[in-house]
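What follows is the content of run18.tsv, which has TSV, N, CA and C atoms:
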```tsv
chain	number	residue	atom	x	y	z
G	1	MET	N	22.24	-7.40	40.94
G	1	MET	CA	22.38	-5.95	41.00
G	1	MET	C	22.06	-5.33	39.64
G	2	CYS	N	21.63	-4.09	39.69
G	2	CYS	CA	21.36	-3.35	38.46
G	2	CYS	C	22.70	-3.02	37.80
G	3	LYS	N	22.85	-3.42	36.55
G	3	LYS	CA	24.10	-3.21	35.83
G	3	LYS	C	24.18	-1.81	35.24
G	4	LEU	N	23.07	-1.11	35.17
G	4	LEU	CA	23.05	0.19	34.51
G	4	LEU	C	23.47	1.32	35.44
G	5	CYS	N	22.91	1.38	36.63
G	5	CYS	CA	23.21	2.40	37.64
G	5	CYS	C	23.34	3.80	37.02
G	6	SER	N	22.28	4.26	36.45
G	6	SER	CA	22.23	5.56	35.78
G	6	SER	C	22.57	6.70	36.73
G	7	LYS	N	23.17	7.76	36.20
G	7	LYS	CA	23.54	8.92	37.00
G	7	LYS	C	22.33	9.70	37.49
G	8	CYS	N	21.17	9.52	36.83
G	8	CYS	CA	20.00	10.30	37.19
G	8	CYS	C	19.09	9.58	38.18
G	9	LEU	N	19.65	8.63	38.92
G	9	LEU	CA	18.84	7.91	39.91
G	9	LEU	C	18.48	8.82	41.07
G	10	LYS	N	17.31	8.61	41.59
G	10	LYS	CA	16.90	9.32	42.80
G	10	LYS	C	17.57	8.64	43.98
G	11	GLU	N	17.85	9.39	45.03
G	11	GLU	CA	18.56	8.84	46.18
G	11	GLU	C	17.80	7.71	46.86
G	12	ASP	N	16.49	7.84	46.92
G	12	ASP	CA	15.70	6.83	47.62
G	12	ASP	C	15.17	5.73	46.70
G	13	GLU	N	15.65	5.67	45.48
G	13	GLU	CA	15.14	4.67	44.54
G	13	GLU	C	15.72	3.30	44.86
G	14	SER	N	14.84	2.34	45.05
G	14	SER	CA	15.27	1.00	45.42
G	14	SER	C	15.33	0.09	44.19
G	15	LEU	N	15.94	-1.04	44.38
G	15	LEU	CA	16.03	-2.03	43.32
G	15	LEU	C	14.72	-2.83	43.26
G	16	GLU	N	14.27	-3.09	42.04
G	16	GLU	CA	13.04	-3.86	41.83
G	16	GLU	C	13.43	-5.19	41.18
G	17	GLU	N	12.69	-6.23	41.51
G	17	GLU	CA	12.95	-7.54	40.90
G	17	GLU	C	12.44	-7.55	39.47
G	18	CYS	N	13.16	-8.27	38.61
G	18	CYS	CA	12.73	-8.48	37.24
G	18	CYS	C	11.46	-9.33	37.27
G	19	ASN	N	10.47	-8.96	36.45
G	19	ASN	CA	9.20	-9.68	36.45
G	19	ASN	C	9.21	-10.94	35.60
G	20	ASN	N	10.34	-11.29	35.02
G	20	ASN	CA	10.48	-12.56	34.34
G	20	ASN	C	10.70	-13.62	35.42
G	21	ALA	N	9.79	-14.58	35.51
G	21	ALA	CA	9.85	-15.59	36.58
G	21	ALA	C	11.15	-16.39	36.56
G	22	GLU	N	11.77	-16.53	35.40
G	22	GLU	CA	13.00	-17.32	35.27
G	22	GLU	C	14.25	-16.50	35.58
G	23	CYS	N	14.10	-15.22	35.85
G	23	CYS	CA	15.24	-14.32	36.04
G	23	CYS	C	15.37	-13.94	37.51
G	24	GLN	N	16.59	-13.82	37.98
G	24	GLN	CA	16.87	-13.45	39.37
G	24	GLN	C	17.42	-12.02	39.49
G	25	ASN	N	17.51	-11.28	38.40
G	25	ASN	CA	18.13	-9.95	38.40
G	25	ASN	C	17.20	-8.89	38.98
G	26	VAL	N	17.80	-7.76	39.33
G	26	VAL	CA	17.06	-6.60	39.83
G	26	VAL	C	17.49	-5.37	39.03
G	27	ILE	N	16.65	-4.34	39.05
G	27	ILE	CA	16.95	-3.12	38.31
G	27	ILE	C	16.29	-1.94	39.01
G	28	HIS	N	16.88	-0.77	38.85
G	28	HIS	CA	16.26	0.47	39.34
G	28	HIS	C	15.14	0.87	38.38
G	29	GLN	N	14.09	1.45	38.91
G	29	GLN	CA	12.98	1.88	38.06
G	29	GLN	C	13.45	2.92	37.04
G	30	GLY	N	14.31	3.84	37.45
G	30	GLY	CA	14.84	4.85	36.54
G	30	GLY	C	15.64	4.23	35.40
G	31	CYS	N	16.42	3.22	35.72
G	31	CYS	CA	17.20	2.53	34.70
G	31	CYS	C	16.28	1.81	33.71
G	32	PHE	N	15.22	1.21	34.24
G	32	PHE	CA	14.28	0.52	33.36
G	32	PHE	C	13.60	1.51	32.43
G	33	LYS	N	13.26	2.69	32.93
G	33	LYS	CA	12.63	3.70	32.08
G	33	LYS	C	13.55	4.10	30.93
G	34	LYS	N	14.85	4.19	31.20
G	34	LYS	CA	15.81	4.49	30.15
G	34	LYS	C	15.89	3.34	29.13
G	35	LEU	N	15.87	2.12	29.63
G	35	LEU	CA	15.88	0.96	28.74
G	35	LEU	C	14.66	0.96	27.83
G	36	VAL	N	13.50	1.17	28.42
G	36	VAL	CA	12.25	1.14	27.66
G	36	VAL	C	12.27	2.22	26.57
G	37	ALA	N	12.85	3.36	26.87
G	37	ALA	CA	12.97	4.43	25.87
G	37	ALA	C	13.84	3.97	24.70
G	38	THR	N	14.89	3.20	24.97
G	38	THR	CA	15.75	2.71	23.89
G	38	THR	C	15.04	1.63	23.07
G	39	PHE	N	14.04	0.95	23.65
G	39	PHE	CA	13.26	-0.07	22.93
G	39	PHE	C	12.17	0.58	22.09
G	40	GLY	N	11.95	1.89	22.25
G	40	GLY	CA	10.89	2.57	21.52
G	40	GLY	C	9.52	2.41	22.18
G	41	GLU	N	9.51	2.11	23.46
G	41	GLU	CA	8.27	1.89	24.20
G	41	GLU	C	8.14	2.96	25.29
G	42	ASN	N	8.20	4.21	24.92
G	42	ASN	CA	8.21	5.30	25.90
G	42	ASN	C	6.99	5.33	26.81
G	43	ASP	N	5.85	4.86	26.32
G	43	ASP	CA	4.63	4.91	27.13
G	43	ASP	C	4.34	3.58	27.83
G	44	TRP	N	5.37	2.76	28.07
G	44	TRP	CA	5.21	1.46	28.71
G	44	TRP	C	4.69	1.63	30.13
G	45	GLU	N	3.59	0.95	30.44
G	45	GLU	CA	2.99	1.01	31.76
G	45	GLU	C	3.02	-0.35	32.45
G	46	GLY	N	3.69	-1.31	31.83
G	46	GLY	CA	3.69	-2.67	32.34
G	46	GLY	C	4.73	-2.91	33.41
G	47	PRO	N	4.99	-4.19	33.69
G	47	PRO	CA	5.95	-4.56	34.73
G	47	PRO	C	7.39	-4.23	34.36
G	48	LEU	N	8.26	-4.27	35.34
G	48	LEU	CA	9.69	-3.98	35.16
G	48	LEU	C	10.45	-5.24	34.74
G	49	PHE	N	11.46	-5.04	33.89
G	49	PHE	CA	12.33	-6.13	33.48
G	49	PHE	C	13.76	-5.65	33.54
G	50	CYS	N	14.69	-6.59	33.75
G	50	CYS	CA	16.09	-6.21	33.96
G	50	CYS	C	16.83	-5.85	32.67
G	51	GLY	N	16.32	-6.26	31.54
G	51	GLY	CA	17.01	-5.97	30.30
G	51	GLY	C	16.18	-6.31	29.08
G	52	LYS	N	16.80	-6.16	27.93
G	52	LYS	CA	16.11	-6.35	26.65
G	52	LYS	C	15.61	-7.78	26.47
G	53	CYS	N	16.39	-8.76	26.87
G	53	CYS	CA	16.01	-10.16	26.70
G	53	CYS	C	14.73	-10.48	27.47
G	54	CYS	N	14.66	-10.09	28.72
G	54	CYS	CA	13.47	-10.36	29.55
G	54	CYS	C	12.27	-9.56	29.04
G	55	PHE	N	12.52	-8.32	28.59
G	55	PHE	CA	11.44	-7.48	28.07
G	55	PHE	C	10.85	-8.12	26.80
G	56	LYS	N	11.71	-8.55	25.88
G	56	LYS	CA	11.24	-9.18	24.64
G	56	LYS	C	10.50	-10.48	24.93
G	57	HIS	N	11.00	-11.24	25.90
G	57	HIS	CA	10.33	-12.49	26.29
G	57	HIS	C	8.90	-12.21	26.75
G	58	HIS	N	8.73	-11.15	27.53
G	58	HIS	CA	7.40	-10.77	28.01
G	58	HIS	C	6.51	-10.31	26.86
G	59	LYS	N	7.04	-9.47	25.97
G	59	LYS	CA	6.26	-8.99	24.82
G	59	LYS	C	5.84	-10.15	23.92
G	60	LYS	N	6.73	-11.12	23.72
G	60	LYS	CA	6.42	-12.28	22.90
G	60	LYS	C	5.30	-13.11	23.54
G	61	ALA	N	5.34	-13.26	24.86
G	61	ALA	CA	4.30	-14.01	25.56
G	61	ALA	C	2.96	-13.28	25.46
G	62	LEU	N	2.97	-11.94	25.54
G	62	LEU	CA	1.73	-11.17	25.40
G	62	LEU	C	1.15	-11.33	24.00
G	63	ASP	N	2.01	-11.26	22.98
G	63	ASP	CA	1.55	-11.43	21.60
G	63	ASP	C	0.97	-12.82	21.37
G	64	ALA	N	1.63	-13.84	21.93
G	64	ALA	CA	1.14	-15.21	21.78
G	64	ALA	C	-0.22	-15.38	22.45
G	65	ALA	N	-0.39	-14.78	23.62
G	65	ALA	CA	-1.67	-14.87	24.31
G	65	ALA	C	-2.77	-14.15	23.53
G	66	THR	N	-2.44	-13.02	22.94
G	66	THR	CA	-3.41	-12.27	22.14
G	66	THR	C	-3.82	-13.08	20.91
G	67	ASN	N	-2.84	-13.66	20.23
G	67	ASN	CA	-3.14	-14.46	19.04
G	67	ASN	C	-3.93	-15.71	19.39
G	68	LYS	N	-3.62	-16.31	20.53
G	68	LYS	CA	-4.36	-17.51	20.95
G	68	LYS	C	-5.80	-17.16	21.28
G	69	ALA	N	-6.02	-15.98	21.85
G	69	ALA	CA	-7.38	-15.55	22.19
G	69	ALA	C	-8.21	-15.36	20.92
G	70	LYS	N	-7.57	-14.88	19.86
G	70	LYS	CA	-8.28	-14.72	18.58
G	70	LYS	C	-8.67	-16.09	18.06
G	71	GLY	N	-7.70	-16.99	17.97
G	71	GLY	CA	-7.92	-18.36	17.57
G	71	GLY	C	-8.69	-18.54	16.28
G	72	ARG	N	-8.98	-19.77	15.96
G	72	ARG	CA	-9.76	-20.09	14.79
G	72	ARG	C	-11.23	-20.11	15.16
G	73	VAL	N	-12.03	-19.76	14.20
G	73	VAL	CA	-13.47	-19.75	14.39
G	73	VAL	C	-14.07	-20.89	13.60
G	74	SER	N	-14.92	-21.65	14.24
G	74	SER	CA	-15.56	-22.78	13.58
G	74	SER	C	-16.48	-22.30	12.47
G	75	TRP	N	-16.60	-23.10	11.42
G	75	TRP	CA	-17.51	-22.77	10.31
G	75	TRP	C	-18.94	-22.67	10.81
G	76	HIS	N	-19.24	-23.38	11.88
G	76	HIS	CA	-20.62	-23.44	12.36
G	76	HIS	C	-20.99	-22.22	13.22
G	77	THR	N	-20.01	-21.45	13.65
G	77	THR	CA	-20.30	-20.31	14.53
G	77	THR	C	-19.81	-18.99	13.95
G	78	ASP	N	-19.47	-18.96	12.68
G	78	ASP	CA	-18.87	-17.78	12.06
G	78	ASP	C	-19.89	-16.79	11.50
G	79	GLY	N	-21.15	-17.16	11.43
G	79	GLY	CA	-22.16	-16.30	10.82
G	79	GLY	C	-22.80	-15.35	11.80
G	80	LEU	N	-23.64	-14.46	11.25
G	80	LEU	CA	-24.36	-13.52	12.10
G	80	LEU	C	-25.39	-14.23	12.98
G	81	LEU	N	-26.02	-15.26	12.42
G	81	LEU	CA	-26.98	-16.07	13.14
G	81	LEU	C	-26.55	-17.52	13.08
G	82	PRO	N	-26.95	-18.35	14.05
G	82	PRO	CA	-26.55	-19.76	13.99
G	82	PRO	C	-27.03	-20.47	12.73
G	83	GLU	N	-28.19	-20.05	12.19
G	83	GLU	CA	-28.72	-20.69	10.98
G	83	GLU	C	-27.98	-20.25	9.73
G	84	ILE	N	-27.35	-19.07	9.77
G	84	ILE	CA	-26.65	-18.54	8.60
G	84	ILE	C	-25.16	-18.50	8.93
G	85	ASN	N	-24.46	-19.55	8.56
G	85	ASN	CA	-23.03	-19.61	8.76
G	85	ASN	C	-22.39	-20.09	7.45
G	86	PRO	N	-21.10	-19.96	7.29
G	86	PRO	CA	-20.46	-20.32	6.02
G	86	PRO	C	-20.73	-21.75	5.58
G	87	MET	N	-20.76	-22.68	6.53
G	87	MET	CA	-21.01	-24.07	6.17
G	87	MET	C	-22.42	-24.23	5.60
G	88	ALA	N	-23.41	-23.62	6.23
G	88	ALA	CA	-24.79	-23.71	5.74
G	88	ALA	C	-24.93	-23.05	4.37
G	89	VAL	N	-24.29	-21.90	4.18
G	89	VAL	CA	-24.35	-21.21	2.88
G	89	VAL	C	-23.74	-22.08	1.79
G	90	MET	N	-22.60	-22.71	2.10
G	90	MET	CA	-21.93	-23.54	1.10
G	90	MET	C	-22.78	-24.77	0.76
G	91	ILE	N	-23.34	-25.43	1.76
G	91	ILE	CA	-24.18	-26.61	1.50
G	91	ILE	C	-25.42	-26.22	0.70
G	92	ASP	N	-26.06	-25.12	1.08
G	92	ASP	CA	-27.23	-24.65	0.32
G	92	ASP	C	-26.86	-24.35	-1.12
G	93	TRP	N	-25.73	-23.71	-1.33
G	93	TRP	CA	-25.31	-23.35	-2.68
G	93	TRP	C	-25.02	-24.60	-3.51
G	94	LEU	N	-24.30	-25.56	-2.92
G	94	LEU	CA	-23.96	-26.78	-3.64
G	94	LEU	C	-25.20	-27.64	-3.96
G	95	ALA	N	-26.22	-27.55	-3.09
G	95	ALA	CA	-27.43	-28.35	-3.28
G	95	ALA	C	-28.39	-27.73	-4.29
G	96	THR	N	-28.12	-26.51	-4.74
G	96	THR	CA	-29.01	-25.82	-5.67
G	96	THR	C	-28.63	-26.12	-7.12
G	97	SER	N	-29.58	-26.57	-7.90
G	97	SER	CA	-29.48	-26.84	-9.35
G	97	SER	C	-28.13	-27.41	-9.77
G	98	SER	N	-27.43	-26.79	-10.66
G	98	SER	CA	-26.20	-27.35	-11.21
G	98	SER	C	-24.93	-26.79	-10.55
G	99	ASN	N	-25.08	-26.21	-9.39
G	99	ASN	CA	-23.91	-25.61	-8.73
G	99	ASN	C	-22.83	-26.64	-8.39
G	100	TYR	N	-23.25	-27.84	-7.98
G	100	TYR	CA	-22.26	-28.87	-7.66
G	100	TYR	C	-21.40	-29.19	-8.89
G	101	ASN	N	-22.06	-29.34	-10.05
G	101	ASN	CA	-21.31	-29.62	-11.28
G	101	ASN	C	-20.37	-28.47	-11.63
G	102	ARG	N	-20.82	-27.24	-11.40
G	102	ARG	CA	-19.95	-26.07	-11.65
G	102	ARG	C	-18.72	-26.13	-10.75
G	103	TRP	N	-18.92	-26.55	-9.50
G	103	TRP	CA	-17.80	-26.61	-8.56
G	103	TRP	C	-16.85	-27.76	-8.92
G	104	ARG	N	-17.40	-28.89	-9.34
G	104	ARG	CA	-16.59	-30.06	-9.63
G	104	ARG	C	-15.80	-29.95	-10.93
G	105	GLY	N	-16.20	-29.13	-11.85
G	105	GLY	CA	-15.39	-29.05	-13.05
G	105	GLY	C	-16.04	-28.38	-14.23
G	106	GLU	N	-17.35	-28.44	-14.36
G	106	GLU	CA	-18.02	-27.77	-15.47
G	106	GLU	C	-18.20	-26.31	-15.11
G	107	LYS	N	-17.34	-25.45	-15.63
G	107	LYS	CA	-17.33	-24.04	-15.23
G	107	LYS	C	-17.55	-23.13	-16.42
G	108	PRO	N	-18.75	-23.10	-17.00
G	108	PRO	CA	-18.97	-22.26	-18.18
G	108	PRO	C	-18.94	-20.76	-17.87
G	109	ASN	N	-19.49	-20.34	-16.74
G	109	ASN	CA	-19.58	-18.91	-16.42
G	109	ASN	C	-18.41	-18.40	-15.59
G	110	CYS	N	-17.84	-19.27	-14.79
G	110	CYS	CA	-16.72	-18.89	-13.93
G	110	CYS	C	-15.52	-19.73	-14.30
G	111	LYS	N	-14.41	-19.11	-14.57
G	111	LYS	CA	-13.22	-19.82	-15.03
G	111	LYS	C	-12.51	-20.56	-13.89
G	112	THR	N	-12.60	-20.05	-12.67
G	112	THR	CA	-11.86	-20.62	-11.56
G	112	THR	C	-12.77	-20.86	-10.37
G	113	LYS	N	-12.28	-21.65	-9.43
G	113	LYS	CA	-13.03	-21.88	-8.19
G	113	LYS	C	-13.13	-20.59	-7.39
G	114	MET	N	-12.16	-19.70	-7.54
G	114	MET	CA	-12.21	-18.41	-6.84
G	114	MET	C	-13.40	-17.61	-7.34
G	115	GLY	N	-13.65	-17.63	-8.63
G	115	GLY	CA	-14.81	-16.92	-9.18
G	115	GLY	C	-16.10	-17.51	-8.66
G	116	ILE	N	-16.16	-18.83	-8.60
G	116	ILE	CA	-17.35	-19.51	-8.06
G	116	ILE	C	-17.52	-19.17	-6.59
G	117	THR	N	-16.44	-19.18	-5.85
G	117	THR	CA	-16.49	-18.85	-4.42
G	117	THR	C	-17.01	-17.44	-4.22
G	118	ASN	N	-16.57	-16.50	-5.04
G	118	ASN	CA	-17.06	-15.13	-4.94
G	118	ASN	C	-18.55	-15.06	-5.20
G	119	LYS	N	-19.02	-15.81	-6.20
G	119	LYS	CA	-20.46	-15.84	-6.46
G	119	LYS	C	-21.21	-16.48	-5.30
G	120	MET	N	-20.62	-17.54	-4.74
G	120	MET	CA	-21.25	-18.23	-3.62
G	120	MET	C	-21.39	-17.29	-2.42
G	121	SER	N	-20.36	-16.51	-2.16
G	121	SER	CA	-20.38	-15.62	-1.00
G	121	SER	C	-21.37	-14.49	-1.17
G	122	SER	N	-21.73	-14.18	-2.41
G	122	SER	CA	-22.74	-13.14	-2.64
G	122	SER	C	-24.15	-13.73	-2.67
G	123	HIS	N	-24.27	-15.03	-2.33
G	123	HIS	CA	-25.56	-15.73	-2.21
G	123	HIS	C	-26.32	-15.82	-3.51
G	124	LYS	N	-25.61	-15.86	-4.65
G	124	LYS	CA	-26.25	-16.02	-5.95
G	124	LYS	C	-25.96	-17.42	-6.44
G	125	SER	N	-26.95	-18.05	-7.01
G	125	SER	CA	-26.70	-19.39	-7.53
G	125	SER	C	-26.63	-19.37	-9.05
```
How would this structure read if it were set down as structure tokens?
Amino acid sequence: MCKLCSKCLKEDESLEECNNAECQNVIHQGCFKKLVATFGENDWEGPLFCGKCCFKHHKKALDAATNKAKGRVSWHTDGLLPEINPMAVMIDWLATSSNYNRWRGEKPNCKTKMGITNKMSSHKS
């Protein structure tokens, strides 16, 4: 049963099941709208949940799915073209003149590997 039972319920408003698959509770749509307002989600257009715990569980799952979709990008597919990707740029840079020695330890022009990396990313050898 809906534990909130708000005074502003419509007479014909029925109980809706919580959309959390692990939950057996039900809630009135009007009560859920009041809950969502207290969560700061006034424009929520998603499914109904019986309370804050189920709502947060759903939001966390949505965030995890979004982050998983972003995922990591391979060095081989990160460039504008397949031939120009970070791995190819790095190998080309290291194979040019004394760049390998600069990276390994002889750093006359750049004090740190970060400085060398910045030069590498600007495609200057």
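Relative to atom N of G:Cys54, atom N of G:Thr38 is found at 13.8 Å.
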Inset, instruction - Excluding G:His58 and residues on its chain fewer than 5 positions from it, collect all residues at most 12 Å away from it, counting only C-alpha atoms, and give them as a list of chain:residue names. - result: G:Cys18, G:Asn19, G:Asn20, G:Ala21, G:Glu22, G:Cys23, G:Gly46, G:Pro47, G:Leu48, G:Phe49, G:Cys50, G:Gly51, G:Lys52, G:Cys53, G:Asp63, G:Ala64, G:Ala65
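Picture a line from atom C of G:Ala37 to atom N of G:Phe55; it runs 13.0 Å.
From atom CA of G:Asn99 back to atom CA of G:Leu81, the distance works out to 24.1 Å.
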